[in-house]
>>> print(open('upload35.pdb').read())   # PDB, C-alpha atoms
MODEL        1
ATOM      1  CA  MET D   2       0.000   0.000   0.000
ATOM      2  CA  SER D   3       1.598   3.247  -1.093
ATOM      3  CA  GLU D   4      -0.902   5.659   0.437
ATOM      4  CA  GLN D   5       0.059   7.799   3.382
ATOM      5  CA  PHE D   6      -2.818   9.054   5.451
ATOM      6  CA  GLN D   7      -2.933  12.438   7.139
ATOM      7  CA  ILE D   8      -5.442  12.665   9.973
ATOM      8  CA  GLN D   9      -6.534  15.995  11.364
ATOM      9  CA  PRO D  10      -8.782  16.220  14.442
ATOM     10  CA  MET D  11     -11.739  18.557  13.851
ATOM     11  CA  GLY D  12     -13.325  18.304  17.308
ATOM     12  CA  ASP D  13     -16.469  16.590  18.553
ATOM     13  CA  HIS D  14     -15.294  13.100  17.450
ATOM     14  CA  ASP D  15     -14.744  14.235  13.822
ATOM     15  CA  TYR D  16     -11.518  13.770  11.848
ATOM     16  CA  LEU D  17     -10.482  14.839   8.375
ATOM     17  CA  VAL D  18      -8.536  12.116   6.571
ATOM     18  CA  ARG D  19      -6.503  12.778   3.429
ATOM     19  CA  ALA D  20      -4.449  10.457   1.281
ATOM     20  CA  ARG D  21      -2.606  10.880  -1.977
ATOM     21  CA  TYR D  22      -2.802   7.941  -4.331
ATOM     22  CA  SER D  23      -1.807   7.410  -7.940
ATOM     23  CA  GLY D  24      -5.101   8.853  -9.222
ATOM     24  CA  GLY D  25      -5.347  11.911  -7.002
ATOM     25  CA  VAL D  26      -6.289  12.813  -3.438
ATOM     26  CA  MET D  27      -8.901  11.197  -1.215
ATOM     27  CA  GLU D  28     -10.490  13.397   1.441
ATOM     28  CA  SER D  29     -13.022  12.013   3.857
ATOM     29  CA  ARG D  30     -14.557  13.014   7.184
ATOM     30  CA  PHE D  31     -14.571  10.236   9.772
ATOM     31  CA  GLN D  32     -16.859  10.302  12.794
ATOM     32  CA  ALA D  33     -15.603   8.341  15.783
ATOM     33  CA  SER D  34     -18.700   6.904  17.349
ATOM     34  CA  PRO D  35     -18.273   6.796  21.146
ATOM     35  CA  ASP D  36     -20.162   3.463  21.122
ATOM     36  CA  VAL D  37     -17.637   1.861  18.763
ATOM     37  CA  VAL D  38     -14.676   3.356  20.635
ATOM     38  CA  SER D  39     -16.160   1.876  23.808
ATOM     39  CA  LEU D  40     -16.515  -1.573  22.176
ATOM     40  CA  LEU D  41     -12.798  -1.431  21.359
ATOM     41  CA  HIS D  42     -11.949  -0.887  25.059
ATOM     42  CA  VAL D  43      -9.695   2.092  24.412
ATOM     43  CA  ALA D  44      -9.612   5.416  26.173
ATOM     44  CA  GLU D  45     -11.303   8.368  24.518
ATOM     45  CA  ASP D  46      -7.771   9.821  24.189
ATOM     46  CA  ASP D  47      -7.006   6.991  21.745
ATOM     47  CA  GLU D  48      -9.805   7.988  19.391
ATOM     48  CA  GLN D  49      -7.380   9.182  16.703
ATOM     49  CA  ARG D  50      -5.602   5.800  16.790
ATOM     50  CA  VAL D  51      -8.993   4.158  16.202
ATOM     51  CA  ILE D  52      -9.482   6.380  13.148
ATOM     52  CA  GLU D  53      -5.968   5.611  11.872
ATOM     53  CA  GLU D  54      -6.518   1.863  12.172
ATOM     54  CA  THR D  55      -9.991   2.124  10.632
ATOM     55  CA  VAL D  56      -8.613   3.942   7.588
ATOM     56  CA  LEU D  57      -5.950   1.257   7.193
ATOM     57  CA  TYR D  58      -8.549  -1.475   7.667
ATOM     58  CA  LEU D  59     -10.786   0.009   4.972
ATOM     59  CA  SER D  60      -7.883   0.628   2.572
ATOM     60  CA  GLU D  61      -6.957  -3.065   2.822
ATOM     61  CA  ARG D  62     -10.457  -3.991   1.651
ATOM     62  CA  GLN D  63     -11.179  -1.408  -1.035
ATOM     63  CA  PRO D  64      -9.370   1.120  -3.190
ATOM     64  CA  VAL D  65      -8.654   4.361  -1.358
ATOM     65  CA  MET D  66     -10.576   6.317  -4.000
ATOM     66  CA  ASP D  67     -13.700   4.341  -3.013
ATOM     67  CA  ILE D  68     -13.658   5.445   0.621
ATOM     68  CA  PRO D  69     -16.781   7.601   0.951
ATOM     69  CA  PRO D  70     -16.607  11.322   1.809
ATOM     70  CA  LEU D  71     -18.267  10.649   5.179
ATOM     71  CA  VAL D  72     -17.474   7.570   7.254
ATOM     72  CA  ASP D  73     -19.187   6.903  10.569
ATOM     73  CA  LEU D  74     -17.626   4.145  12.659
ATOM     74  CA  ASP D  75     -21.135   2.894  13.463
ATOM     75  CA  ASP D  76     -21.588   2.205   9.740
ATOM     76  CA  VAL D  77     -18.220   0.440   9.472
ATOM     77  CA  ALA D  78     -19.089  -1.734  12.471
ATOM     78  CA  ALA D  79     -22.493  -2.538  10.957
ATOM     79  CA  ALA D  80     -20.986  -3.399   7.565
ATOM     80  CA  TYR D  81     -18.119  -5.572   8.841
ATOM     81  CA  GLY D  82     -19.589  -6.745  12.157
ATOM     82  CA  ASP D  83     -17.446  -8.556  14.683
ATOM     83  CA  GLN D  84     -14.632  -8.911  12.153
ATOM     84  CA  TYR D  85     -13.991  -5.149  12.307
ATOM     85  CA  ILE D  86     -14.227  -4.925  16.104
ATOM     86  CA  ASP D  87     -12.009  -7.993  16.630
ATOM     87  CA  GLU D  88      -9.386  -6.865  14.107
ATOM     88  CA  LEU D  89      -9.212  -3.314  15.433
ATOM     89  CA  SER D  90      -9.032  -4.547  19.035
ATOM     90  CA  ARG D  91      -6.096  -6.748  18.057
ATOM     91  CA  ARG D  92      -4.341  -3.944  16.171
ATOM     92  CA  LEU D  93      -4.816  -1.413  18.958
ATOM     93  CA  LYS D  94      -3.390  -3.785  21.554
ATOM     94  CA  HIS D  95      -0.283  -4.375  19.437
ATOM     95  CA  ALA D  96       0.163  -0.847  18.108
TER      96      ALA D  96
ENDMDL
END
>>> encode(input="upload35.pdb", output="structure tokens")
Amino acid sequence: MSEQFQIQPMGDHDYLVRARYSGGVMESRFQASPDVVSLLHVAEDDEQRVIEETVLYLSERQPVMDIPPLVDLDDVAAAYGDQYIDELSRRLKHA
């Protein structure tokens, strides 16, 4: 994966994520659902790490250009179910 993600906190659980890829620039707003962060058993201070790992998780499953302009972690958890929660929990413990 050649993309490098830049993550900028915007306040109130929102983050702006940018990545350059061969076809251009992806820009997306991620919303860190407190419910999902809680399921991952991480402190609220680690919210940005959850976003970082979520972006990586999504980019491993779809082209970066296909990441939607608005991503809510509730939607990611609903789409991928326990697989997402389990994988992120594992990554966050080892990160």
>>> closest_residue(input="upload35.pdb", among="D:Val56, D:Leu40, D:Ile86, D:Val65", to="Tyr16 of chain D", atoms="all atoms listed in the file")
D:Val56
>>> residues_around(input="upload35.pdb", residues="segment 18-27 of chain D", least_positions_apart="2", cutoff="12 Å", atoms="all atoms listed in the file", output="PyMOL selection string")
chain D and resi 2-11+15-16+29-32+49+52-57+60+64-72
>>> resolve_selection(input="upload35.pdb", expression="the PyMOL selection byres ((chain D and resi 34) around 8)", output="PyMOL selection string")
chain D and resi 14+32-33+35-38+73-75
>>> residues_around(input="upload35.pdb", residues="His42 of chain D", least_positions_apart="6", cutoff="10 Å", atoms="only C-alpha atoms", output="PDB file with C-alpha atoms, in the frame of the given file")
ATOM      1  CA  SER D  90      -9.032  -4.547  19.035  1.00  0.00           C
ATOM      2  CA  LEU D  93      -4.816  -1.413  18.958  1.00  0.00           C
ATOM      3  CA  LYS D  94      -3.390  -3.785  21.554  1.00  0.00           C
TER       4      LYS D  94
END
>>> closest_residue(input="upload35.pdb", among="D:Leu41, D:Arg50, D:Tyr58, D:Gln63", to="Asp87 of chain D", atoms="all atoms listed in the file")
D:Leu41
>>> atom_distance(input="upload35.pdb", atom1="atom CA of Ala44 of chain D", atom2="atom CA of Glu88 of chain D")
17.2 Å
